[in-house]
>>> print(open('upload35.tsv').read())   # TSV, C-alpha atoms
chain	number	residue	atom	x	y	z
A	16	MET	CA	116.54	31.97	123.96
A	17	PRO	CA	113.29	33.18	125.72
A	18	VAL	CA	112.01	29.56	125.85
A	19	LEU	CA	115.20	28.33	127.52
A	20	LYS	CA	115.03	31.18	130.04
A	21	TRP	CA	111.48	30.37	131.08
A	22	ARG	CA	112.29	26.65	131.31
A	23	TRP	CA	115.16	27.48	133.67
A	24	ILE	CA	112.90	29.66	135.81
A	25	ALA	CA	110.25	26.93	135.95
A	26	GLY	CA	112.89	24.41	137.00
A	27	ALA	CA	114.08	26.66	139.80
A	28	ALA	CA	110.51	27.08	141.02
A	29	VAL	CA	110.03	23.30	141.07
A	30	VAL	CA	113.22	22.85	143.12
A	31	VAL	CA	112.04	25.43	145.67
A	32	ALA	CA	108.64	23.72	145.88
A	33	VAL	CA	110.25	20.26	146.38
A	34	VAL	CA	112.58	21.52	149.11
A	35	THR	CA	109.71	23.26	150.89
A	36	GLY	CA	107.56	20.15	150.65
A	37	ALA	CA	110.38	17.99	152.04
A	38	LEU	CA	110.86	20.31	154.98
A	39	LEU	CA	107.14	20.26	155.69
A	40	TRP	CA	107.10	16.43	155.59
A	41	LEU	CA	110.01	16.27	158.06
A	42	PHE	CA	108.22	18.69	160.33
A	43	LEU	CA	105.13	16.47	160.43
A	44	ALA	CA	107.09	13.20	160.65
A	45	TRP	CA	109.23	14.34	163.59
A	46	SER	CA	106.53	15.96	165.60
A	47	GLY	CA	105.92	12.74	167.66
A	48	HIS	CA	109.55	11.93	168.57
A	49	PRO	CA	111.07	12.71	172.01
A	50	ASP	CA	113.61	15.08	170.52
A	51	ALA	CA	110.95	16.72	168.40
A	52	PRO	CA	111.55	20.28	169.71
A	53	VAL	CA	115.18	20.21	168.56
A	54	ARG	CA	114.32	18.71	165.25
A	55	ILE	CA	111.44	21.12	164.79
A	56	ASP	CA	113.76	24.08	165.51
A	57	ALA	CA	116.12	22.75	162.86
A	58	VAL	CA	113.25	22.46	160.41
A	59	LYS	CA	112.09	26.01	161.28
A	60	THR	CA	115.60	27.26	160.63
A	61	ALA	CA	115.62	25.42	157.31
A	62	PHE	CA	112.21	26.92	156.56
A	63	GLY	CA	113.66	30.39	157.27
A	64	VAL	CA	116.61	29.76	155.00
A	65	GLY	CA	114.30	28.43	152.30
A	66	ALA	CA	111.98	31.41	152.66
A	67	GLY	CA	114.94	33.78	152.41
A	68	ALA	CA	116.16	31.99	149.31
A	69	GLY	CA	112.68	32.13	147.88
A	70	GLY	CA	112.53	35.87	148.59
A	71	VAL	CA	115.87	36.41	146.87
A	72	PHE	CA	114.66	34.38	143.93
A	73	ALA	CA	111.42	36.36	143.77
A	74	LEU	CA	113.37	39.62	143.87
A	75	TRP	CA	115.67	38.41	141.10
A	76	LEU	CA	112.66	37.32	139.08
A	77	ALA	CA	111.02	40.74	139.50
A	78	THR	CA	114.26	42.45	138.46
A	79	ARG	CA	114.52	40.27	135.39
A	80	ARG	CA	110.92	41.03	134.52
A	81	GLN	CA	111.54	44.77	134.90
A	82	ARG	CA	114.66	44.55	132.76
A	83	THR	CA	112.74	42.64	130.09
A	84	LEU	CA	110.02	45.29	130.08
A	85	GLU	CA	112.65	48.05	129.79
A	86	LEU	CA	114.32	46.28	126.85
A	87	GLN	CA	110.95	45.80	125.16
A	88	LEU	CA	110.12	49.49	125.66
A	89	ALA	CA	113.51	50.55	124.29
A	90	GLU	CA	113.05	48.35	121.24
A	91	THR	CA	109.54	49.66	120.70
A	92	THR	CA	110.82	53.24	120.96
A	93	ARG	CA	113.65	52.50	118.51
A	94	VAL	CA	111.30	50.93	115.99
A	95	ALA	CA	108.92	53.88	116.32
A	96	ALA	CA	111.79	56.35	115.77
A	97	VAL	CA	113.00	54.47	112.70
A	98	THR	CA	109.47	54.35	111.33
A	99	GLU	CA	108.97	58.06	111.97
A	100	ARG	CA	112.29	58.87	110.31
A	101	ASP	CA	111.40	56.75	107.29
A	102	LEU	CA	108.04	58.47	107.00
A	103	GLU	CA	109.69	61.91	107.26
A	104	GLU	CA	112.26	61.03	104.59
A	105	ARG	CA	109.49	59.75	102.34
A	106	ARG	CA	107.52	62.96	102.89
A	107	VAL	CA	110.57	65.10	102.08
A	108	THR	CA	111.25	63.06	98.95
A	109	GLU	CA	107.65	63.43	97.79
A	110	LEU	CA	107.69	67.21	98.38
A	111	TYR	CA	111.03	67.56	96.59
A	112	THR	CA	109.85	65.48	93.61
A	113	LYS	CA	106.64	67.47	93.31
A	114	ALA	CA	108.49	70.80	93.48
A	115	VAL	CA	111.00	69.74	90.81
A	116	GLU	CA	108.13	68.60	88.60
A	117	GLN	CA	106.59	72.07	88.98
A	118	LEU	CA	109.83	73.62	87.74
A	119	GLY	CA	109.35	71.68	84.51
A	120	SER	CA	105.92	73.16	83.88
A	121	ASP	CA	105.30	75.33	80.82
A	122	LYS	CA	103.41	77.81	83.02
A	123	ALA	CA	105.47	80.47	84.81
A	124	PRO	CA	103.22	80.66	87.93
A	125	VAL	CA	103.61	76.91	88.42
A	126	ARG	CA	107.39	77.21	88.10
A	127	LEU	CA	107.35	80.01	90.68
A	128	GLY	CA	105.36	77.77	92.99
A	129	GLY	CA	108.00	75.08	92.57
A	130	LEU	CA	110.76	77.52	93.55
A	131	TYR	CA	109.03	78.59	96.75
A	132	ALA	CA	108.11	75.00	97.59
A	133	LEU	CA	111.80	74.11	97.40
A	134	GLU	CA	112.65	77.08	99.59
A	135	ARG	CA	110.19	75.98	102.29
A	136	LEU	CA	111.56	72.47	102.10
A	137	GLY	CA	115.10	73.73	102.64
A	138	GLN	CA	114.08	76.02	105.47
A	139	ASP	CA	112.56	73.09	107.36
A	140	ASN	CA	115.22	70.51	106.43
A	141	PRO	CA	118.81	71.80	106.75
A	142	LYS	CA	120.26	68.56	105.33
A	143	GLN	CA	118.49	69.27	102.02
A	144	ARG	CA	119.70	72.86	101.60
A	145	GLN	CA	122.75	72.26	99.43
A	146	MET	CA	120.70	70.03	97.15
A	147	ILE	CA	118.07	72.74	96.83
A	148	VAL	CA	120.73	75.37	96.08
A	149	ASN	CA	122.05	72.99	93.42
A	150	VAL	CA	118.57	72.78	91.87
A	151	LEU	CA	118.20	76.59	91.84
A	152	CYS	CA	121.61	76.91	90.17
A	153	ALA	CA	120.76	74.19	87.66
A	154	TYR	CA	117.57	76.06	86.77
A	155	LEU	CA	119.53	79.27	86.20
A	156	ARG	CA	122.01	77.37	84.01
A	157	MET	CA	119.22	76.30	81.66
A	158	PRO	CA	119.36	77.96	78.20
A	159	PHE	CA	117.92	81.47	78.30
A	160	LYS	CA	118.32	84.26	75.79
A	161	GLY	CA	117.71	87.01	78.34
A	162	PRO	CA	117.15	90.72	77.81
A	163	LYS	CA	119.72	92.92	76.09
A	164	THR	CA	120.00	95.27	79.07
A	165	GLY	CA	119.31	95.20	82.77
A	166	LEU	CA	116.07	96.28	84.37
A	167	ARG	CA	117.65	99.38	85.95
A	168	GLY	CA	115.79	99.08	89.23
A	169	ARG	CA	112.36	98.38	87.78
A	170	THR	CA	110.22	95.83	89.60
A	171	GLY	CA	108.27	93.04	88.00
A	172	ALA	CA	105.07	95.08	88.26
A	173	GLU	CA	106.75	97.97	86.38
A	174	LEU	CA	108.00	95.88	83.48
A	175	GLY	CA	104.71	95.60	81.63
A	176	GLU	CA	102.58	92.72	80.45
A	177	ASP	CA	104.89	91.96	77.54
A	178	THR	CA	107.74	90.97	79.90
A	179	ASP	CA	109.01	87.44	79.42
A	180	PRO	CA	107.49	85.39	82.28
A	181	GLU	CA	110.64	83.24	82.36
A	182	LEU	CA	112.66	86.34	83.27
A	183	LEU	CA	110.44	86.86	86.32
A	184	VAL	CA	110.93	83.25	87.39
A	185	ARG	CA	114.69	83.60	87.07
A	186	LEU	CA	114.74	86.85	89.02
A	187	ALA	CA	112.86	85.04	91.79
A	188	ALA	CA	115.42	82.21	91.76
A	189	GLN	CA	118.26	84.74	92.01
A	190	GLU	CA	116.55	86.49	94.90
A	191	LEU	CA	116.08	83.20	96.75
A	192	LEU	CA	119.79	82.49	96.42
A	193	LYS	CA	120.70	85.93	97.74
A	194	THR	CA	118.27	85.64	100.66
A	195	HIS	CA	119.69	82.34	101.89
A	196	LEU	CA	123.33	83.26	101.25
A	197	SER	CA	123.13	86.61	103.08
A	198	HIS	CA	124.92	86.16	106.39
A	199	ASP	CA	122.84	88.86	108.13
A	200	ASP	CA	119.51	87.42	107.00
A	201	PRO	CA	117.49	85.30	109.47
A	202	GLY	CA	117.11	82.69	106.72
A	203	TYR	CA	120.87	82.33	106.13
A	204	TRP	CA	122.00	78.86	105.04
A	205	PRO	CA	125.69	78.50	105.99
A	206	GLY	CA	128.30	76.57	104.04
A	207	MET	CA	126.53	76.67	100.67
A	208	SER	CA	128.35	76.41	97.33
A	209	VAL	CA	127.02	77.63	93.98
A	210	ASP	CA	127.68	76.50	90.43
A	211	LEU	CA	126.45	79.08	87.91
A	212	GLN	CA	128.74	78.28	85.01
A	213	ARG	CA	127.39	79.59	81.69
A	214	ALA	CA	124.26	80.96	83.40
A	215	VAL	CA	122.55	84.11	82.17
A	216	LEU	CA	122.08	86.31	85.23
A	217	VAL	CA	120.10	89.56	85.13
A	218	ASP	CA	120.79	92.41	87.57
A	219	PHE	CA	122.65	89.93	89.75
A	220	ARG	CA	122.94	90.78	93.46
A	221	LEU	CA	125.08	88.88	95.94
A	222	SER	CA	126.12	91.62	98.37
A	223	GLY	CA	126.61	90.79	102.04
A	224	CYS	CA	126.73	87.06	101.40
A	225	THR	CA	128.97	84.28	102.68
A	226	LEU	CA	129.41	81.07	100.74
A	227	ALA	CA	131.98	78.39	100.09
A	228	ALA	CA	132.95	77.41	96.55
A	229	ALA	CA	131.48	79.51	93.75
A	230	ASP	CA	131.91	79.13	90.01
A	231	PHE	CA	130.61	81.76	87.56
A	232	SER	CA	132.89	80.75	84.70
A	233	ARG	CA	131.58	81.85	81.28
A	234	ALA	CA	128.44	83.26	82.89
A	235	ARG	CA	126.81	86.26	81.24
A	236	PHE	CA	125.85	89.09	83.59
A	237	VAL	CA	123.19	91.32	82.03
A	238	GLY	CA	122.73	94.63	83.84
A	239	ALA	CA	124.57	95.90	86.90
A	240	VAL	CA	126.31	93.41	89.17
A	241	HIS	CA	126.68	94.06	92.91
A	242	ILE	CA	128.79	91.64	94.95
A	243	ARG	CA	129.82	94.02	97.74
A	244	GLY	CA	131.04	92.93	101.16
A	245	SER	CA	130.70	89.25	100.36
A	246	HIS	CA	132.91	86.47	101.69
A	247	PHE	CA	134.04	83.52	99.59
A	248	THR	CA	135.74	80.88	101.73
A	249	ARG	CA	136.88	78.76	98.78
A	250	ARG	CA	138.46	79.60	95.45
A	251	THR	CA	136.05	81.50	93.21
A	252	GLY	CA	135.90	81.33	89.43
A	253	PHE	CA	134.82	84.04	86.99
A	254	TYR	CA	136.88	82.60	84.14
A	255	GLY	CA	135.67	83.96	80.80
A	256	ALA	CA	132.64	85.68	82.37
A	257	GLU	CA	130.96	88.54	80.50
A	258	PHE	CA	129.81	91.68	82.34
A	259	THR	CA	127.61	93.90	80.15
A	260	ASP	CA	127.19	96.72	82.68
A	261	ILE	CA	128.94	98.10	85.76
A	262	ALA	CA	130.25	95.65	88.34
A	263	ASN	CA	131.01	96.34	91.99
A	264	PHE	CA	133.03	93.93	94.17
A	265	ASP	CA	133.94	96.51	96.83
A	266	ARG	CA	135.07	95.11	100.24
A	267	SER	CA	134.60	91.48	99.26
A	268	THR	CA	136.94	88.79	100.60
A	269	PHE	CA	138.29	85.82	98.65
A	270	ASP	CA	140.05	83.53	101.12
A	271	GLU	CA	141.58	81.33	98.40
A	272	GLY	CA	141.67	83.90	95.63
A	273	ALA	CA	139.62	84.30	92.47
A	274	PHE	CA	140.14	83.83	88.74
A	275	PHE	CA	138.86	86.45	86.30
A	276	SER	CA	141.12	85.27	83.50
A	277	GLY	CA	139.60	85.90	80.08
A	278	ALA	CA	136.67	87.84	81.55
A	279	HIS	CA	135.25	90.87	79.75
A	280	PHE	CA	134.00	94.00	81.53
A	281	ALA	CA	132.09	96.28	79.14
A	282	ARG	CA	131.66	99.04	81.72
A	283	SER	CA	133.53	100.23	84.79
A	284	VAL	CA	134.36	97.79	87.58
A	285	ARG	CA	135.38	98.31	91.21
A	286	PHE	CA	137.69	95.94	93.06
A	287	THR	CA	138.32	98.45	95.85
A	288	ARG	CA	139.29	97.27	99.35
A	289	ILE	CA	139.35	93.65	98.22
A	290	ARG	CA	141.16	91.05	100.32
A	291	SER	CA	142.38	87.92	98.58
A	292	GLY	CA	144.35	85.14	100.26
A	293	GLY	CA	145.28	83.30	97.07
A	294	LYS	CA	145.96	84.28	93.50
A	295	PHE	CA	143.77	87.13	92.25
A	296	GLN	CA	144.18	86.53	88.55
A	297	PHE	CA	143.20	88.76	85.62
A	298	SER	CA	145.36	87.40	82.82
A	299	HIS	CA	143.92	88.27	79.39
A	300	THR	CA	141.01	90.09	81.03
A	301	VAL	CA	139.48	92.93	79.02
A	302	PHE	CA	138.40	96.14	80.78
A	303	GLY	CA	136.20	98.26	78.52
A	304	GLU	CA	136.21	101.23	80.90
A	305	SER	CA	137.87	102.02	84.24
A	306	ALA	CA	139.00	99.37	86.70
A	307	ASP	CA	139.61	100.49	90.29
A	308	PHE	CA	141.83	98.32	92.53
A	309	ASP	CA	142.47	100.90	95.27
A	310	GLY	CA	142.85	99.75	98.86
A	311	GLY	CA	143.10	96.06	98.03
A	312	GLU	CA	145.18	93.55	100.00
A	313	HIS	CA	146.30	90.72	97.74
A	314	GLU	CA	148.62	87.81	98.29
A	315	ASP	CA	149.19	87.57	94.54
A	316	LEU	CA	147.56	90.03	92.11
A	317	ASP	CA	148.15	88.92	88.51
A	318	LEU	CA	147.30	91.35	85.70
A	319	THR	CA	149.41	89.65	83.04
A	320	ASP	CA	148.23	90.60	79.52
A	321	ALA	CA	145.16	92.36	80.88
A	322	HIS	CA	143.73	94.96	78.47
A	323	PHE	CA	142.83	98.40	79.80
A	324	PRO	CA	141.26	101.30	77.83
A	325	ALA	CA	143.76	103.68	76.28
>>> encode(input="upload35.tsv", output="structure tokens")
Amino acid sequence: MPVLKWRWIAGAAVVVAVVTGALLWLFLAWSGHPDAPVRIDAVKTAFGVGAGAGGVFALWLATRRQRTLELQLAETTRVAAVTERDLEERRVTELYTKAVEQLGSDKAPVRLGGLYALERLGQDNPKQRQMIVNVLCAYLRMPFKGPKTGLRGRTGAELGEDTDPELLVRLAAQELLKTHLSHDDPGYWPGMSVDLQRAVLVDFRLSGCTLAAADFSRARFVGAVHIRGSHFTRRTGFYGAEFTDIANFDRSTFDEGAFFSGAHFARSVRFTRIRSGGKFQFSHTVFGESADFDGGEHEDLDLTDAHFPA
């Protein structure tokens, strides 16, 4: 197509040159005739018309050249953007792969480094956040015996040198989840879903968080659980979950309800001022101590065959 275009332009230039040459020849040939002034005026007029046509052609040619340059620049910019995007995606993939490899290390400090590398990656790349949350959840779902009791407020530095390093890594993973699910935190990641089925969670905190789907079915909660003032926009599952210590769900909202069927609460639990838009189900749930449901607003509270202390 470019070759044909330039051939057409060259042909037009030849035609203009031939016409101009013919007019010049007539001007010279008629200069000796008696009626030369009239003929010469006609030739001058033709010259003017030809010059005007040539000017229009030159203007058109300049416009075409400008348009071609603009198209070339646009294409160059597009190619550069695609290349930059490909390089960025490759960089993100490499960082993600390296961080996941660190999580597989047999050294706890390396695993911790992998967790924080994933966090930085998610902070800088919003499209990768759900995937990173999925990785954190998958790590917490890995087999883990866990302690028999919670830490009761003790920090990692207060636990002693004999503390299982894997416990510290898992506590860090839990804290990262809470940080990026807390709706009042500057690092909040909106719209996240969590899958912590069968996970062993120690001193689990999820207060003041907003998230979409959440599944804690058959999870084991060691130590106190605090999920106060949190907002679940999708149906939430605690089916068959085990709570070894106190649990507090005060002022939380479950837009599509929650299922605690078959769960076991060894200590007291608070469901005060709860709002649930769907079924809030506790069929066959076992309450080892007190269960407080005061002030709740439920579309459908189901306590069928729930077991309360005598």
>>> closest_residue(input="upload35.tsv", among="A:Arg105, A:Lys294, A:Arg126, A:Arg79", to="Arg185 of chain A", atoms="all atoms listed in the file")
A:Arg126
>>> atom_distance(input="upload35.tsv", atom1="atom CA of Lys163 of chain A", atom2="atom CA of Arg220 of chain A")
17.8 Å
>>> residues_near_point(input="upload35.tsv", point="(108.5, 68.4, 96.3)", cutoff="12 Å", atoms="only C-alpha atoms", output="list in words")
Glu104, Arg105, Arg106, Val107, Thr108, Glu109, Leu110, Tyr111, Thr112, Lys113, Ala114, Val115, Glu116, Gln117, Leu118, Gly128, Gly129, Leu130, Tyr131, Ala132, Leu133, Glu134, Arg135, Leu136, Gly137, Gln143, Ile147 and Val150 of chain A
>>> closest_atom_pairs(input="upload35.tsv", of="segment 178-246 of chain A", to="segment 265-288 of chain A", cutoff="7 Å", atoms="only C-alpha atoms", output="Markdown table")
| residue | atom | partner | partner_atom | distance |
| --- | --- | --- | --- | --- |
| A:Arg243 | CA | A:Asp265 | CA | 4.9 |
| A:Gly244 | CA | A:Ser267 | CA | 4.3 |
| A:Ser245 | CA | A:Ser267 | CA | 4.6 |
| A:His246 | CA | A:Thr268 | CA | 4.8 |
>>> closest_residue(input="upload35.tsv", among="A:Gln87, A:Thr248, A:Ser222, A:Thr78", to="Phe264 of chain A", atoms="only C-alpha atoms")
A:Ser222
>>> atom_distance(input="upload35.tsv", atom1="atom CA of Phe295 of chain A", atom2="atom CA of Leu316 of chain A")
4.8 Å
>>> atom_distance(input="upload35.tsv", atom1="atom CA of Phe236 of chain A", atom2="atom CA of Ala214 of chain A")
8.3 Å
>>> axis_aligned_box(input="upload35.tsv", around="segment 153-165 of chain A", padding_each_side="8 Å", output="JSON")
{"center_x": 119.6, "center_y": 84.7, "center_z": 81.7, "size_x": 20.9, "size_y": 37.1, "size_z": 27.9}
>>> closest_residue(input="upload35.tsv", among="A:Ala256, A:Leu186, A:Val217, A:Leu88", to="Ala239 of chain A", atoms="only C-alpha atoms")
A:Val217
>>> residues_near_point(input="upload35.tsv", point="(140.7, 86.2, 80.3)", cutoff="12 Å", atoms="all atoms listed in the file", output="list in words")
Ser232, Arg233, Gly252, Phe253, Tyr254, Gly255, Ala256, Glu257, Phe274, Phe275, Ser276, Gly277, Ala278, His279, Phe280, Gln296, Phe297, Ser298, His299, Thr300, Val301, Phe302, Asp317, Leu318, Thr319, Asp320, Ala321 and His322 of chain A
>>> residues_around(input="upload35.tsv", residues="Asp199 of chain A", least_positions_apart="6", cutoff="10 Å", atoms="only C-alpha atoms", output="VMD selection string")
chain A and resid 223 to 225
>>> residues_around(input="upload35.tsv", residues="Gln145 of chain A", least_positions_apart="3", cutoff="9 Å", atoms="all atoms listed in the file", output="ChimeraX atom specification")
/A:137,141-142,148-150,204,206-209
